[in-house]
Amino acid sequence: MKNDIIVIGAGLGGLVSGAKLAKEGKKVLLIEQHTIPGGCATVFKRKGYTLEVGLHEMDGLHEDDFKVSIFKDLNVFENVEFLEIPEFYRFTNERLDIVIPHNVDQAIKNLVSVFPDEESGIRKYFDVIINLPKDMFNFPKKKWKQLLIFPFVPILYPNLVKYPKISVGNFLDTIIKNNDLKLVLLANLGYYHDDPYSMSMFYYCIAQSSYYNGGAYYIQGGSQKLSDYLSQVIQNNGGEVLLGYRVEKIIVENNRAIGVEYRETRGENTEIKKIFAEKIIANAAIPNVVNNLLSSDDTAVLKTKTMNLKNSCSVFSIYIGFKKPIKEIGNKCYSTFIVDSEVKNQTDLANCMKGDLSSKNFVFVDYSQIDSQLAPKGKGVGSICAVDYTADWENLTKEEYDKKKEEVAQILFDRLERVIPGIKQEIDYYEIATAKTVERYTLNPQGSIYGYAQTPEQAVPNRVKQKSSIENLYFASAWTFPGGGFTGAILSGYLCAIGILHDQWQ
Ligand SMILES: Cc1cc2nc3c(=O)[nH]c(=O)nc-3n(C[C@H](O)[C@H](O)[C@H](O)COP(=O)(O)OP(=O)(O)OC[C@H]3O[C@@H](n4cnc5c(N)ncnc54)[C@H](O)[C@@H]3O)c2cc1C
């Protein structure tokens with residue numbers, strides 16, 4: 001039987017679009033090149049530890065958060081447990097050690113106690129961050145269809161529109177003098193981008209306010225639970241999820257996508273199969289769709305639209321199993337950002353993010369602070385994560401690559417030990433992933449984890465839309481509107497499905 005929809009890729013954007021369309025009665029076939037669904041939202045098991053590939057914290061889940069409506073629609077809350085994370089983050093460099101809670105009044109209090117001369121700047125920061133995106137939250141959720149009329153995004157964010165070309169770095173410079181305070185506020189910049197002076201203020205406001213308005217959440221048992229559940233929704237509604245198969249070509253006739261060619265991922269000479277559908281959704285990275293999956297005859301418009309767009313950064317991660325829960329050796333925070341003492345201002349921060357890995361700022365996530373259920377009883381799981389680029393790992397032999405990974409890991413462990421004494425001796429198992437690893441597992445070029453970089457020119461409201469210039473070909477991923485991260489990919493998938501269901505774009 002012919003499928004209504006083929007989804008290419010089981011990242012969150014692909015899974016959510018497929019789940020919504022299957023639930024609405026469409027016959028969905030999802031094809032994923034990996035052997036498990038989820039893309040960045042997966043886990044892997046080693047020595048009894050469940051090691052989380054991607055999720056540190058998911059923003060939001062407050063009553064105005066669009067994800068809540070999406071999760072309710074797909075019965076996610078009945079099937080996946082979300083754990084609230086106790087505080088936003090701890091920031092530490094050799095000059096400062098401060099915890100930032102999600103509660104705005106408390107965050108202001110903590111910051112003013114350390115930076116009393118900057119009280120007005122601190123208040124202005126929160127006023128802008130918290131209040132401007134509320135335009136969006138006040139938007140009636142029943143009017144989903146209007147969200148699809150992206151050229152009118154300013155209607156959704158009338159106040160934010162005054163910031164379209166401003167970077168968060170420029171914004172902070174206009175309201176705050178103290179450089180350490182700016183660094184504290186930017187501790188989690190790596191959640192979105194790698195440089196405050198090219199980070200879209202628009203995107204930053206929406207994402208950061210969601211953490212402050214709604215807190216942050218982790219999925220009990222790991223992000224795989226959400227991916228597996230969404231995959232199950234597709235199958236329970238008559239769809240199919242084909243794992244271990246890679247789409248090699250999107251078949252287009254007269255500028256209309258009609259099907260795909262795919263083959264088993266493993267093995268060079270596996271048979272190429274063709275399958276057809278009414279609509280094709282690419283969760284696969286847009287640059288790959290343009291450069292590899294479509295033939296050059298079909299891509300003229302898409303190529304012109306996307307050829308100058310820059311990809312976001314990737315990440316270097318160390319996934320760690322500990323002999324005991326790290327809170328038992330005195331660690332009190334879920335996310336600890338460890339900032340190099342040489343980073344003294346925003347320009348240093350940008351240089352540091354792009355510089356040598358061993359002196360980069362990084363975050364340590366201690367999953368033992370919540371009932372994450374990732375570790376066997378009496379043990380712990382954590383991860384170290386820093387911004388990374390595939391370019392830093394090119395032209396190395398396997399031995400050189402492994403040696404470099406290991407050297408970086410040991411330096412980061414030593415830096416972590418200075419902040420959480422005793423942690424090194426509790427390490428039982430660790431595995432290192434670079435930007436190259438992310439690229440290999442997700443096929444995202446350069447291992448980009450947030451799609452196109454969230455610069456003022458490329459972020460909301462200028463983001464690539466779900467509907468492509470090829471008829472019946474859609475995008476649902478971090479590469480589209482509204483942007484990267486769990487929230488971005490989930491929203492993208494849902495908007496794509498709603499658009500198809502309502503034929504909004506015909
Ligand atoms: C280490 C790490 C930490 C992160 N931390 C957070 C966090 O704390 N909070 C947060 O919100 N976000 C975080 N993110 C980012 C977030 O996970 C991603 O932005 C988001 O999950 C991307 O979803 P996506 O739908 O774009 O698809 P992706 O996750 O990029 O998946 C794409 C899928 O498509 C498949 N695919 C690609 N091409 C093909 C093809 N030709 N045929 C078949 N299948 C194909 C891939 O195998 C993959 O499964 C993190 C990411 C990483 C890697």
# chains A, B, ... in the order shown; residues from 1 in each chain; ligands from 1
>>> residues_near_ligand(ligand="ligand 1", cutoff="6 Å", atoms="only C-alpha atoms and all ligand atoms", output="MDAnalysis selection string")
chainID A and resid 8:14 31:34 38:41 53:58 246:248 283:284 315 317 441:443 449:450 477:478 484:487 489
>>> select_by_dssp(residues="range 47-278 of chain A", states="strand (DSSP E)", output="number ranges by chain")
A: 49-52, 58-59, 82-84, 89-92, 97-100, 216-219, 240-243, 245-253, 256-264, 273-278
>>> residues_around(residues="Leu226 in chain A", least_positions_apart="4", cutoff="10 Å", atoms="only C-alpha atoms", output="ChimeraX atom specification")
/A:12,15,37-38,41-42,76-77,79-82,219-222,230-232
>>> write_last_selection(atoms="N, CA and C atoms", output="compact mmCIF listing (two decimals), in the first residue's frame")
# COMPACT_ATOMS: atom_id res chain seq x y z
N LEU A 12 14.16 14.07 16.77
CA LEU A 12 12.89 14.50 17.39
C LEU A 12 11.95 15.17 16.39
N LEU A 15 10.38 12.35 14.40
CA LEU A 15 9.48 11.52 15.22
C LEU A 15 8.19 12.26 15.55
N PRO A 37 15.94 4.83 17.26
CA PRO A 37 15.40 6.15 16.92
C PRO A 37 15.88 7.21 17.91
N GLY A 38 15.88 8.47 17.49
CA GLY A 38 16.17 9.57 18.43
C GLY A 38 17.19 10.58 17.94
N ALA A 41 18.70 12.49 20.56
CA ALA A 41 17.91 12.12 21.75
C ALA A 41 17.93 10.61 21.95
N THR A 42 19.13 10.10 22.24
CA THR A 42 19.29 8.65 22.44
C THR A 42 20.16 8.40 23.67
N VAL A 76 2.07 12.27 25.66
CA VAL A 76 3.45 12.04 26.14
C VAL A 76 3.48 11.99 27.66
N PHE A 77 2.73 12.86 28.32
CA PHE A 77 2.84 12.93 29.79
C PHE A 77 2.39 11.62 30.46
N ASN A 79 3.07 8.75 29.37
CA ASN A 79 4.01 7.67 29.01
C ASN A 79 5.48 7.98 29.27
N VAL A 80 5.79 9.24 29.51
CA VAL A 80 7.19 9.63 29.72
C VAL A 80 7.23 10.51 30.97
N GLU A 81 8.19 10.23 31.86
CA GLU A 81 8.27 10.96 33.13
C GLU A 81 9.29 12.10 33.01
N PHE A 82 8.88 13.32 33.30
CA PHE A 82 9.80 14.46 33.26
C PHE A 82 10.19 14.85 34.68
N ILE A 219 14.43 13.71 31.29
CA ILE A 219 13.50 12.60 31.09
C ILE A 219 14.00 11.39 31.88
N GLN A 220 13.16 10.93 32.80
CA GLN A 220 13.59 9.80 33.63
C GLN A 220 13.92 8.58 32.76
N GLY A 221 15.11 8.03 33.00
CA GLY A 221 15.55 6.87 32.21
C GLY A 221 16.29 7.27 30.95
N GLY A 222 16.29 8.58 30.62
CA GLY A 222 17.04 9.05 29.45
C GLY A 222 16.14 9.49 28.31
N LEU A 230 7.63 8.06 20.97
CA LEU A 230 7.12 8.68 19.73
C LEU A 230 7.15 7.67 18.58
N SER A 231 8.20 6.87 18.57
CA SER A 231 8.31 5.84 17.54
C SER A 231 7.15 4.84 17.67
N GLN A 232 6.80 4.54 18.93
CA GLN A 232 5.69 3.63 19.20
C GLN A 232 4.35 4.22 18.74
>>> residues_around(residues="range 381-385 of chain A", least_positions_apart="5", cutoff="10 Å", atoms="only C-alpha atoms", output="PyMOL selection string")
chain A and resi 49-54+56+190+315-326+334-337+360-369+372-376+409+412-413+416+427-434
>>> select_by_dssp(residues="range 149-231 of chain A", states="helix (DSSP H, G or I)", output="ChimeraX atom specification")
/A:150-156,160-162,168-175,179-185,189-191,196-198,201-214,224-231
>>> write_last_selection(atoms="N, CA and C atoms", output="compact mmCIF listing (two decimals), in the first residue's frame")
# COMPACT_ATOMS: atom_id res chain seq x y z
N PHE A 150 4.71 32.07 8.58
CA PHE A 150 5.94 32.58 9.15
C PHE A 150 6.33 33.99 8.74
N PRO A 151 6.01 34.46 7.54
CA PRO A 151 6.39 35.83 7.23
C PRO A 151 5.80 36.81 8.24
N PHE A 152 4.74 36.38 8.95
CA PHE A 152 4.12 37.28 9.91
C PHE A 152 4.58 37.02 11.33
N VAL A 153 5.72 36.38 11.46
CA VAL A 153 6.25 36.11 12.79
C VAL A 153 6.27 37.35 13.68
N PRO A 154 6.58 38.55 13.12
CA PRO A 154 6.57 39.74 13.97
C PRO A 154 5.24 39.94 14.70
N ILE A 155 4.15 39.43 14.14
CA ILE A 155 2.87 39.56 14.84
C ILE A 155 2.92 38.79 16.16
N LEU A 156 3.67 37.70 16.14
CA LEU A 156 3.77 36.89 17.36
C LEU A 156 4.69 37.52 18.39
N LEU A 160 9.74 41.82 20.45
CA LEU A 160 11.07 41.31 20.12
C LEU A 160 11.58 41.85 18.80
N VAL A 161 10.66 42.32 17.99
CA VAL A 161 11.06 42.75 16.65
C VAL A 161 12.06 43.90 16.71
N LYS A 162 12.07 44.63 17.83
CA LYS A 162 13.06 45.71 17.90
C LYS A 162 14.49 45.17 18.04
N VAL A 168 23.22 39.08 21.41
CA VAL A 168 23.09 39.14 22.87
C VAL A 168 24.31 39.84 23.46
N GLY A 169 25.47 39.66 22.80
CA GLY A 169 26.68 40.34 23.28
C GLY A 169 26.53 41.86 23.26
N ASN A 170 26.02 42.39 22.15
CA ASN A 170 25.81 43.84 22.04
C ASN A 170 24.78 44.30 23.08
N PHE A 171 23.73 43.52 23.24
CA PHE A 171 22.70 43.88 24.21
C PHE A 171 23.30 43.98 25.61
N LEU A 172 24.08 42.98 26.01
CA LEU A 172 24.66 43.00 27.36
C LEU A 172 25.59 44.20 27.54
N ASP A 173 26.34 44.54 26.48
CA ASP A 173 27.25 45.69 26.58
C ASP A 173 26.49 47.00 26.82
N THR A 174 25.23 47.07 26.34
CA THR A 174 24.49 48.33 26.52
C THR A 174 23.89 48.45 27.93
N ILE A 175 23.76 47.34 28.64
CA ILE A 175 23.08 47.44 29.95
C ILE A 175 23.97 47.11 31.15
N ASN A 179 32.29 42.74 33.50
CA ASN A 179 32.49 41.63 32.56
C ASN A 179 32.21 40.26 33.18
N ASP A 180 32.53 40.10 34.46
CA ASP A 180 32.24 38.80 35.09
C ASP A 180 30.73 38.55 35.13
N LEU A 181 29.96 39.61 35.38
CA LEU A 181 28.51 39.44 35.39
C LEU A 181 28.01 38.98 34.01
N LYS A 182 28.56 39.57 32.97
CA LYS A 182 28.15 39.14 31.61
C LYS A 182 28.49 37.66 31.42
N LEU A 183 29.67 37.26 31.91
CA LEU A 183 30.06 35.85 31.74
C LEU A 183 29.12 34.92 32.51
N VAL A 184 28.69 35.36 33.70
CA VAL A 184 27.77 34.54 34.49
C VAL A 184 26.46 34.36 33.72
N LEU A 185 25.95 35.48 33.19
CA LEU A 185 24.66 35.40 32.47
C LEU A 185 24.78 34.56 31.20
N LEU A 189 25.67 29.73 27.21
CA LEU A 189 25.64 30.13 25.80
C LEU A 189 25.78 28.92 24.87
N GLY A 190 26.60 27.96 25.27
CA GLY A 190 26.82 26.76 24.44
C GLY A 190 25.55 25.96 24.20
N TYR A 191 24.48 26.23 24.94
CA TYR A 191 23.20 25.57 24.66
C TYR A 191 22.64 26.03 23.32
N PRO A 196 28.91 35.22 21.79
CA PRO A 196 27.83 36.14 22.18
C PRO A 196 27.59 37.24 21.15
N TYR A 197 28.67 37.64 20.42
CA TYR A 197 28.52 38.74 19.47
C TYR A 197 27.90 38.31 18.14
N SER A 198 27.69 37.02 17.96
CA SER A 198 26.93 36.62 16.77
C SER A 198 25.75 35.72 17.15
N MET A 201 19.83 37.79 19.47
CA MET A 201 19.14 38.21 20.69
C MET A 201 17.71 37.66 20.70
N PHE A 202 17.13 37.63 19.54
CA PHE A 202 15.77 37.15 19.35
C PHE A 202 15.64 35.71 19.85
N TYR A 203 16.52 34.85 19.33
CA TYR A 203 16.46 33.43 19.70
C TYR A 203 16.83 33.26 21.18
N TYR A 204 17.89 33.98 21.60
CA TYR A 204 18.35 33.86 22.99
C TYR A 204 17.23 34.19 23.97
N CYS A 205 16.49 35.28 23.70
CA CYS A 205 15.39 35.70 24.58
C CYS A 205 14.36 34.59 24.71
N ILE A 206 13.97 34.03 23.58
CA ILE A 206 12.90 33.04 23.61
C ILE A 206 13.35 31.80 24.39
N ALA A 207 14.57 31.33 24.09
CA ALA A 207 15.04 30.10 24.73
C ALA A 207 15.37 30.33 26.20
N GLN A 208 16.09 31.40 26.49
CA GLN A 208 16.53 31.63 27.87
C GLN A 208 15.32 31.92 28.77
N SER A 209 14.35 32.65 28.23
CA SER A 209 13.17 32.97 29.05
C SER A 209 12.38 31.70 29.34
N SER A 210 12.45 30.74 28.44
CA SER A 210 11.72 29.50 28.68
C SER A 210 12.34 28.75 29.87
N TYR A 211 13.68 28.80 29.99
CA TYR A 211 14.31 28.19 31.17
C TYR A 211 13.90 28.94 32.44
N TYR A 212 13.89 30.29 32.37
CA TYR A 212 13.53 31.05 33.57
C TYR A 212 12.03 30.97 33.86
N ASN A 213 11.20 30.98 32.84
CA ASN A 213 9.75 30.93 33.07
C ASN A 213 9.28 29.55 33.50
N GLY A 214 9.89 28.53 32.90
CA GLY A 214 9.33 27.19 33.10
C GLY A 214 10.27 26.20 33.73
N GLN A 224 16.03 8.64 25.42
CA GLN A 224 15.57 7.53 24.56
C GLN A 224 14.11 7.18 24.85
N LYS A 225 13.68 7.40 26.11
CA LYS A 225 12.29 7.06 26.47
C LYS A 225 11.31 7.88 25.61
N LEU A 226 11.64 9.15 25.41
CA LEU A 226 10.77 10.00 24.59
C LEU A 226 10.82 9.55 23.13
N SER A 227 12.03 9.28 22.64
CA SER A 227 12.18 8.86 21.24
C SER A 227 11.46 7.53 20.99
N ASP A 228 11.65 6.59 21.92
CA ASP A 228 11.00 5.28 21.76
C ASP A 228 9.48 5.43 21.80
N TYR A 229 9.00 6.29 22.71
CA TYR A 229 7.55 6.45 22.81
C TYR A 229 6.98 7.03 21.50
N LEU A 230 7.63 8.06 20.97
CA LEU A 230 7.12 8.68 19.73
C LEU A 230 7.15 7.67 18.58
N SER A 231 8.20 6.87 18.57
CA SER A 231 8.31 5.84 17.54
C SER A 231 7.15 4.84 17.67
>>> atom_distance(atom1="CA of Cys313 in chain A", atom2="CA of Tyr218 in chain A")
22.6 Å
>>> residues_around(residues="range 19-22 of chain A", least_positions_apart="3", cutoff="12 Å", atoms="only C-alpha atoms", output="mmCIF file with N, CA and C atoms, in the first residue's frame")
data_model
loop_
_atom_site.group_PDB
_atom_site.id
_atom_site.type_symbol
_atom_site.label_atom_id
_atom_site.label_comp_id
_atom_site.auth_asym_id
_atom_site.auth_seq_id
_atom_site.Cartn_x
_atom_site.Cartn_y
_atom_site.Cartn_z
ATOM 1 N N ASN A 3 2.313 4.782 0.873
ATOM 2 C CA ASN A 3 2.294 5.564 2.108
ATOM 3 C C ASN A 3 1.790 6.968 1.824
ATOM 4 N N ASP A 4 1.168 7.565 2.842
ATOM 5 C CA ASP A 4 0.839 8.988 2.717
ATOM 6 C C ASP A 4 2.092 9.830 2.907
ATOM 7 N N ILE A 5 2.892 9.391 3.881
ATOM 8 C CA ILE A 5 4.041 10.215 4.302
ATOM 9 C C ILE A 5 5.271 9.332 4.438
ATOM 10 N N ILE A 6 6.413 9.788 3.924
ATOM 11 C CA ILE A 6 7.700 9.169 4.271
ATOM 12 C C ILE A 6 8.490 10.203 5.059
ATOM 13 N N VAL A 7 8.974 9.795 6.245
ATOM 14 C CA VAL A 7 9.823 10.683 7.045
ATOM 15 C C VAL A 7 11.249 10.159 6.952
ATOM 16 N N ALA A 10 14.900 9.756 12.213
ATOM 17 C CA ALA A 10 14.121 9.624 13.453
ATOM 18 C C ALA A 10 14.681 10.493 14.569
ATOM 19 N N GLY A 11 15.182 11.692 14.217
ATOM 20 C CA GLY A 11 15.460 12.681 15.260
ATOM 21 C C GLY A 11 14.118 13.196 15.772
ATOM 22 N N LEU A 12 14.156 14.068 16.775
ATOM 23 C CA LEU A 12 12.887 14.505 17.389
ATOM 24 C C LEU A 12 11.949 15.173 16.391
ATOM 25 N N GLY A 13 12.515 15.948 15.464
ATOM 26 C CA GLY A 13 11.672 16.605 14.455
ATOM 27 C C GLY A 13 10.939 15.577 13.604
ATOM 28 N N GLY A 14 11.646 14.531 13.188
ATOM 29 C CA GLY A 14 11.036 13.483 12.358
ATOM 30 C C GLY A 14 10.024 12.672 13.151
ATOM 31 N N LEU A 15 10.380 12.349 14.397
ATOM 32 C CA LEU A 15 9.479 11.524 15.219
ATOM 33 C C LEU A 15 8.190 12.260 15.550
ATOM 34 N N VAL A 16 8.306 13.540 15.915
ATOM 35 C CA VAL A 16 7.094 14.284 16.286
ATOM 36 C C VAL A 16 6.197 14.477 15.065
ATOM 37 N N GLY A 25 -4.279 9.773 11.324
ATOM 38 C CA GLY A 25 -4.796 8.822 10.338
ATOM 39 C C GLY A 25 -3.972 8.689 9.067
ATOM 40 N N LYS A 26 -2.842 9.375 9.014
ATOM 41 C CA LYS A 26 -2.001 9.233 7.815
ATOM 42 C C LYS A 26 -1.152 7.966 7.931
ATOM 43 N N LYS A 27 -0.903 7.336 6.791
ATOM 44 C CA LYS A 27 -0.031 6.156 6.804
ATOM 45 C C LYS A 27 1.416 6.642 6.670
ATOM 46 N N VAL A 28 2.175 6.423 7.753
ATOM 47 C CA VAL A 28 3.528 6.993 7.847
ATOM 48 C C VAL A 28 4.575 5.891 7.764
ATOM 49 N N LEU A 29 5.589 6.129 6.961
ATOM 50 C CA LEU A 29 6.779 5.272 6.975
ATOM 51 C C LEU A 29 7.956 6.146 7.371
ATOM 52 N N LEU A 30 8.608 5.811 8.481
ATOM 53 C CA LEU A 30 9.791 6.566 8.897
ATOM 54 C C LEU A 30 11.020 5.704 8.653
ATOM 55 N N ILE A 70 1.651 20.118 22.705
ATOM 56 C CA ILE A 70 2.081 19.036 21.804
ATOM 57 C C ILE A 70 2.129 17.715 22.569
ATOM 58 N N PHE A 71 2.739 17.749 23.744
ATOM 59 C CA PHE A 71 2.861 16.517 24.543
ATOM 60 C C PHE A 71 1.481 16.003 24.968
ATOM 61 N N LYS A 72 0.570 16.939 25.278
ATOM 62 C CA LYS A 72 -0.785 16.494 25.653
ATOM 63 C C LYS A 72 -1.456 15.835 24.449
ATOM 64 N N ASP A 73 -1.320 16.463 23.299
ATOM 65 C CA ASP A 73 -1.938 15.923 22.080
ATOM 66 C C ASP A 73 -1.437 14.506 21.799
ATOM 67 N N LEU A 74 -0.144 14.282 22.065
ATOM 68 C CA LEU A 74 0.443 12.969 21.742
ATOM 69 C C LEU A 74 0.504 12.042 22.964
ATOM 70 N N ASN A 75 -0.194 12.426 24.045
ATOM 71 C CA ASN A 75 -0.229 11.631 25.299
ATOM 72 C C ASN A 75 1.160 11.343 25.860
ATOM 73 N N VAL A 76 2.069 12.272 25.665
ATOM 74 C CA VAL A 76 3.446 12.037 26.137
ATOM 75 C C VAL A 76 3.485 11.986 27.661
ATOM 76 N N LEU A 226 11.639 9.152 25.411
ATOM 77 C CA LEU A 226 10.766 9.998 24.591
ATOM 78 C C LEU A 226 10.819 9.545 23.127
ATOM 79 N N SER A 227 12.027 9.284 22.635
ATOM 80 C CA SER A 227 12.180 8.861 21.238
ATOM 81 C C SER A 227 11.462 7.533 20.994
ATOM 82 N N ASP A 228 11.647 6.590 21.922
ATOM 83 C CA ASP A 228 10.996 5.276 21.761
ATOM 84 C C ASP A 228 9.475 5.430 21.803
ATOM 85 N N TYR A 229 9.001 6.286 22.707
ATOM 86 C CA TYR A 229 7.547 6.451 22.812
ATOM 87 C C TYR A 229 6.982 7.028 21.499
ATOM 88 N N LEU A 230 7.626 8.055 20.969
ATOM 89 C CA LEU A 230 7.118 8.678 19.733
ATOM 90 C C LEU A 230 7.150 7.675 18.576
ATOM 91 N N SER A 231 8.197 6.874 18.565
ATOM 92 C CA SER A 231 8.306 5.838 17.538
ATOM 93 C C SER A 231 7.146 4.843 17.674
ATOM 94 N N GLN A 232 6.804 4.542 18.928
ATOM 95 C CA GLN A 232 5.688 3.627 19.197
ATOM 96 C C GLN A 232 4.351 4.222 18.736
ATOM 97 N N VAL A 233 4.196 5.543 18.908
ATOM 98 C CA VAL A 233 2.947 6.197 18.478
ATOM 99 C C VAL A 233 2.759 5.989 16.980
ATOM 100 N N ILE A 234 3.843 6.127 16.234
ATOM 101 C CA ILE A 234 3.749 5.925 14.776
ATOM 102 C C ILE A 234 3.279 4.494 14.490
ATOM 103 N N GLN A 235 3.915 3.533 15.177
ATOM 104 C CA GLN A 235 3.584 2.121 14.905
ATOM 105 C C GLN A 235 2.185 1.756 15.408
ATOM 106 N N ASN A 236 1.812 2.286 16.566
ATOM 107 C CA ASN A 236 0.478 1.967 17.103
ATOM 108 C C ASN A 236 -0.638 2.531 16.231
ATOM 109 N N ASN A 237 -0.287 3.497 15.400
ATOM 110 C CA ASN A 237 -1.307 4.106 14.536
ATOM 111 C C ASN A 237 -1.151 3.664 13.084
ATOM 112 N N GLY A 238 -0.636 2.464 12.922
ATOM 113 C CA GLY A 238 -0.603 1.865 11.586
ATOM 114 C C GLY A 238 0.618 2.231 10.755
ATOM 115 N N GLY A 239 1.555 2.951 11.355
ATOM 116 C CA GLY A 239 2.756 3.334 10.596
ATOM 117 C C GLY A 239 3.883 2.337 10.798
ATOM 118 N N GLU A 240 4.998 2.610 10.120
ATOM 119 C CA GLU A 240 6.148 1.714 10.221
ATOM 120 C C GLU A 240 7.407 2.536 10.475
ATOM 121 N N VAL A 241 8.271 2.005 11.352
ATOM 122 C CA VAL A 241 9.556 2.669 11.608
ATOM 123 C C VAL A 241 10.647 1.689 11.182
ATOM 124 N N LYS A 279 3.691 12.702 0.470
ATOM 125 C CA LYS A 279 4.541 13.797 0.975
ATOM 126 C C LYS A 279 5.791 13.200 1.603
ATOM 127 N N ILE A 281 8.932 14.093 4.272
ATOM 128 C CA ILE A 281 9.437 15.011 5.310
ATOM 129 C C ILE A 281 10.898 14.661 5.566
ATOM 130 N N ILE A 490 11.234 19.687 18.317
ATOM 131 C CA ILE A 490 9.864 19.207 18.595
ATOM 132 C C ILE A 490 8.844 20.146 17.941
ATOM 133 N N LEU A 491 9.045 21.441 18.131
ATOM 134 C CA LEU A 491 8.121 22.414 17.521
ATOM 135 C C LEU A 491 8.157 22.318 16.000
ATOM 136 N N SER A 492 9.347 22.163 15.458
ATOM 137 C CA SER A 492 9.482 22.080 14.011
ATOM 138 C C SER A 492 8.666 20.900 13.466
ATOM 139 N N GLY A 493 8.803 19.747 14.137
ATOM 140 C CA GLY A 493 8.089 18.549 13.692
ATOM 141 C C GLY A 493 6.582 18.733 13.758
ATOM 142 N N TYR A 494 6.132 19.344 14.836
ATOM 143 C CA TYR A 494 4.691 19.505 15.004
ATOM 144 C C TYR A 494 4.134 20.506 13.996
ATOM 145 N N LEU A 495 4.845 21.610 13.820
ATOM 146 C CA LEU A 495 4.391 22.618 12.852
ATOM 147 C C LEU A 495 4.350 22.031 11.443
ATOM 148 N N CYS A 496 5.315 21.189 11.142
ATOM 149 C CA CYS A 496 5.354 20.551 9.829
ATOM 150 C C CYS A 496 4.106 19.678 9.640
ATOM 151 N N ALA A 497 3.796 18.890 10.671
ATOM 152 C CA ALA A 497 2.630 17.999 10.581
ATOM 153 C C ALA A 497 1.341 18.806 10.457
ATOM 154 N N ILE A 498 1.220 19.841 11.285
ATOM 155 C CA ILE A 498 0.004 20.668 11.237
ATOM 156 C C ILE A 498 -0.136 21.307 9.856
ATOM 157 N N GLY A 499 0.989 21.758 9.330
ATOM 158 C CA GLY A 499 0.960 22.388 8.008
ATOM 159 C C GLY A 499 0.464 21.429 6.951
ATOM 160 N N ILE A 500 0.950 20.194 7.011
ATOM 161 C CA ILE A 500 0.508 19.182 6.033
ATOM 162 C C ILE A 500 -0.973 18.885 6.238
ATOM 163 N N LEU A 501 -1.376 18.727 7.503
ATOM 164 C CA LEU A 501 -2.780 18.367 7.785
ATOM 165 C C LEU A 501 -3.741 19.455 7.326
ATOM 166 N N HIS A 502 -3.349 20.668 7.504
ATOM 167 C CA HIS A 502 -4.262 21.762 7.156
ATOM 168 C C HIS A 502 -4.033 22.277 5.745
#
>>> residues_around(residues="Ile122 in chain A", least_positions_apart="2", cutoff="10 Å", atoms="only C-alpha atoms", output="tab-separated table (two decimals) with N, CA and C atoms, in the first residue's frame")
chain	number	residue	atom	x	y	z
A	107	ALA	N	17.02	34.59	41.30
A	107	ALA	CA	18.21	34.79	40.45
A	107	ALA	C	18.69	36.24	40.58
A	108	ILE	N	17.73	37.18	40.56
A	108	ILE	CA	18.11	38.61	40.68
A	108	ILE	C	18.79	38.83	42.05
A	109	LYS	N	18.19	38.25	43.08
A	109	LYS	CA	18.75	38.42	44.44
A	109	LYS	C	20.19	37.90	44.50
A	111	LEU	N	22.31	37.46	42.10
A	111	LEU	CA	23.23	38.26	41.26
A	111	LEU	C	23.51	39.61	41.90
A	112	VAL	N	22.45	40.25	42.46
A	112	VAL	CA	22.66	41.57	43.07
A	112	VAL	C	23.56	41.46	44.29
A	115	PHE	N	26.92	41.40	42.66
A	115	PHE	CA	27.22	42.57	41.81
A	115	PHE	C	26.27	43.72	42.19
A	116	PRO	N	26.40	44.27	43.42
A	116	PRO	CA	25.43	45.29	43.87
A	116	PRO	C	25.41	46.53	42.97
A	117	ASP	N	26.55	46.89	42.38
A	117	ASP	CA	26.60	48.10	41.53
A	117	ASP	C	25.86	47.92	40.21
A	118	GLU	N	25.50	46.70	39.91
A	118	GLU	CA	24.89	46.40	38.60
A	118	GLU	C	23.40	46.09	38.71
A	119	GLU	N	22.80	46.50	39.85
A	119	GLU	CA	21.40	46.08	40.06
A	119	GLU	C	20.48	46.52	38.92
A	120	SER	N	20.67	47.75	38.43
A	120	SER	CA	19.73	48.20	37.39
A	120	SER	C	19.93	47.40	36.10
A	124	LYS	N	17.19	45.10	34.26
A	124	LYS	CA	16.87	45.34	32.83
A	124	LYS	C	17.00	44.03	32.04
A	125	TYR	N	18.09	43.28	32.33
A	125	TYR	CA	18.31	42.00	31.63
A	125	TYR	C	17.09	41.10	31.79
A	126	PHE	N	16.65	40.93	33.04
A	126	PHE	CA	15.52	40.01	33.26
A	126	PHE	C	14.22	40.58	32.70
A	127	ASP	N	14.10	41.89	32.76
A	127	ASP	CA	12.89	42.50	32.21
A	127	ASP	C	12.78	42.16	30.72
A	172	LEU	N	24.08	42.98	26.01
A	172	LEU	CA	24.66	43.00	27.36
A	172	LEU	C	25.59	44.20	27.54
A	175	ILE	N	23.76	47.34	28.64
A	175	ILE	CA	23.08	47.44	29.95
A	175	ILE	C	23.97	47.11	31.15
A	176	ILE	N	25.12	46.47	30.91
A	176	ILE	CA	25.95	46.00	32.03
A	176	ILE	C	27.41	46.35	31.77
A	181	LEU	N	29.96	39.61	35.38
A	181	LEU	CA	28.51	39.44	35.39
A	181	LEU	C	28.01	38.98	34.01
A	182	LYS	N	28.56	39.57	32.97
A	182	LYS	CA	28.15	39.14	31.61
A	182	LYS	C	28.49	37.66	31.42
A	185	LEU	N	25.95	35.48	33.19
A	185	LEU	CA	24.66	35.40	32.47
A	185	LEU	C	24.78	34.56	31.20
>>> residues_around(residues="Tyr262 in chain A", least_positions_apart="2", cutoff="8 Å", atoms="only C-alpha atoms", output="ChimeraX atom specification")
/A:245-249,260,264,272-274
>>> atom_distance(atom1="CA of Ile98 in chain A", atom2="CA of Gln346 in chain A")
18.3 Å
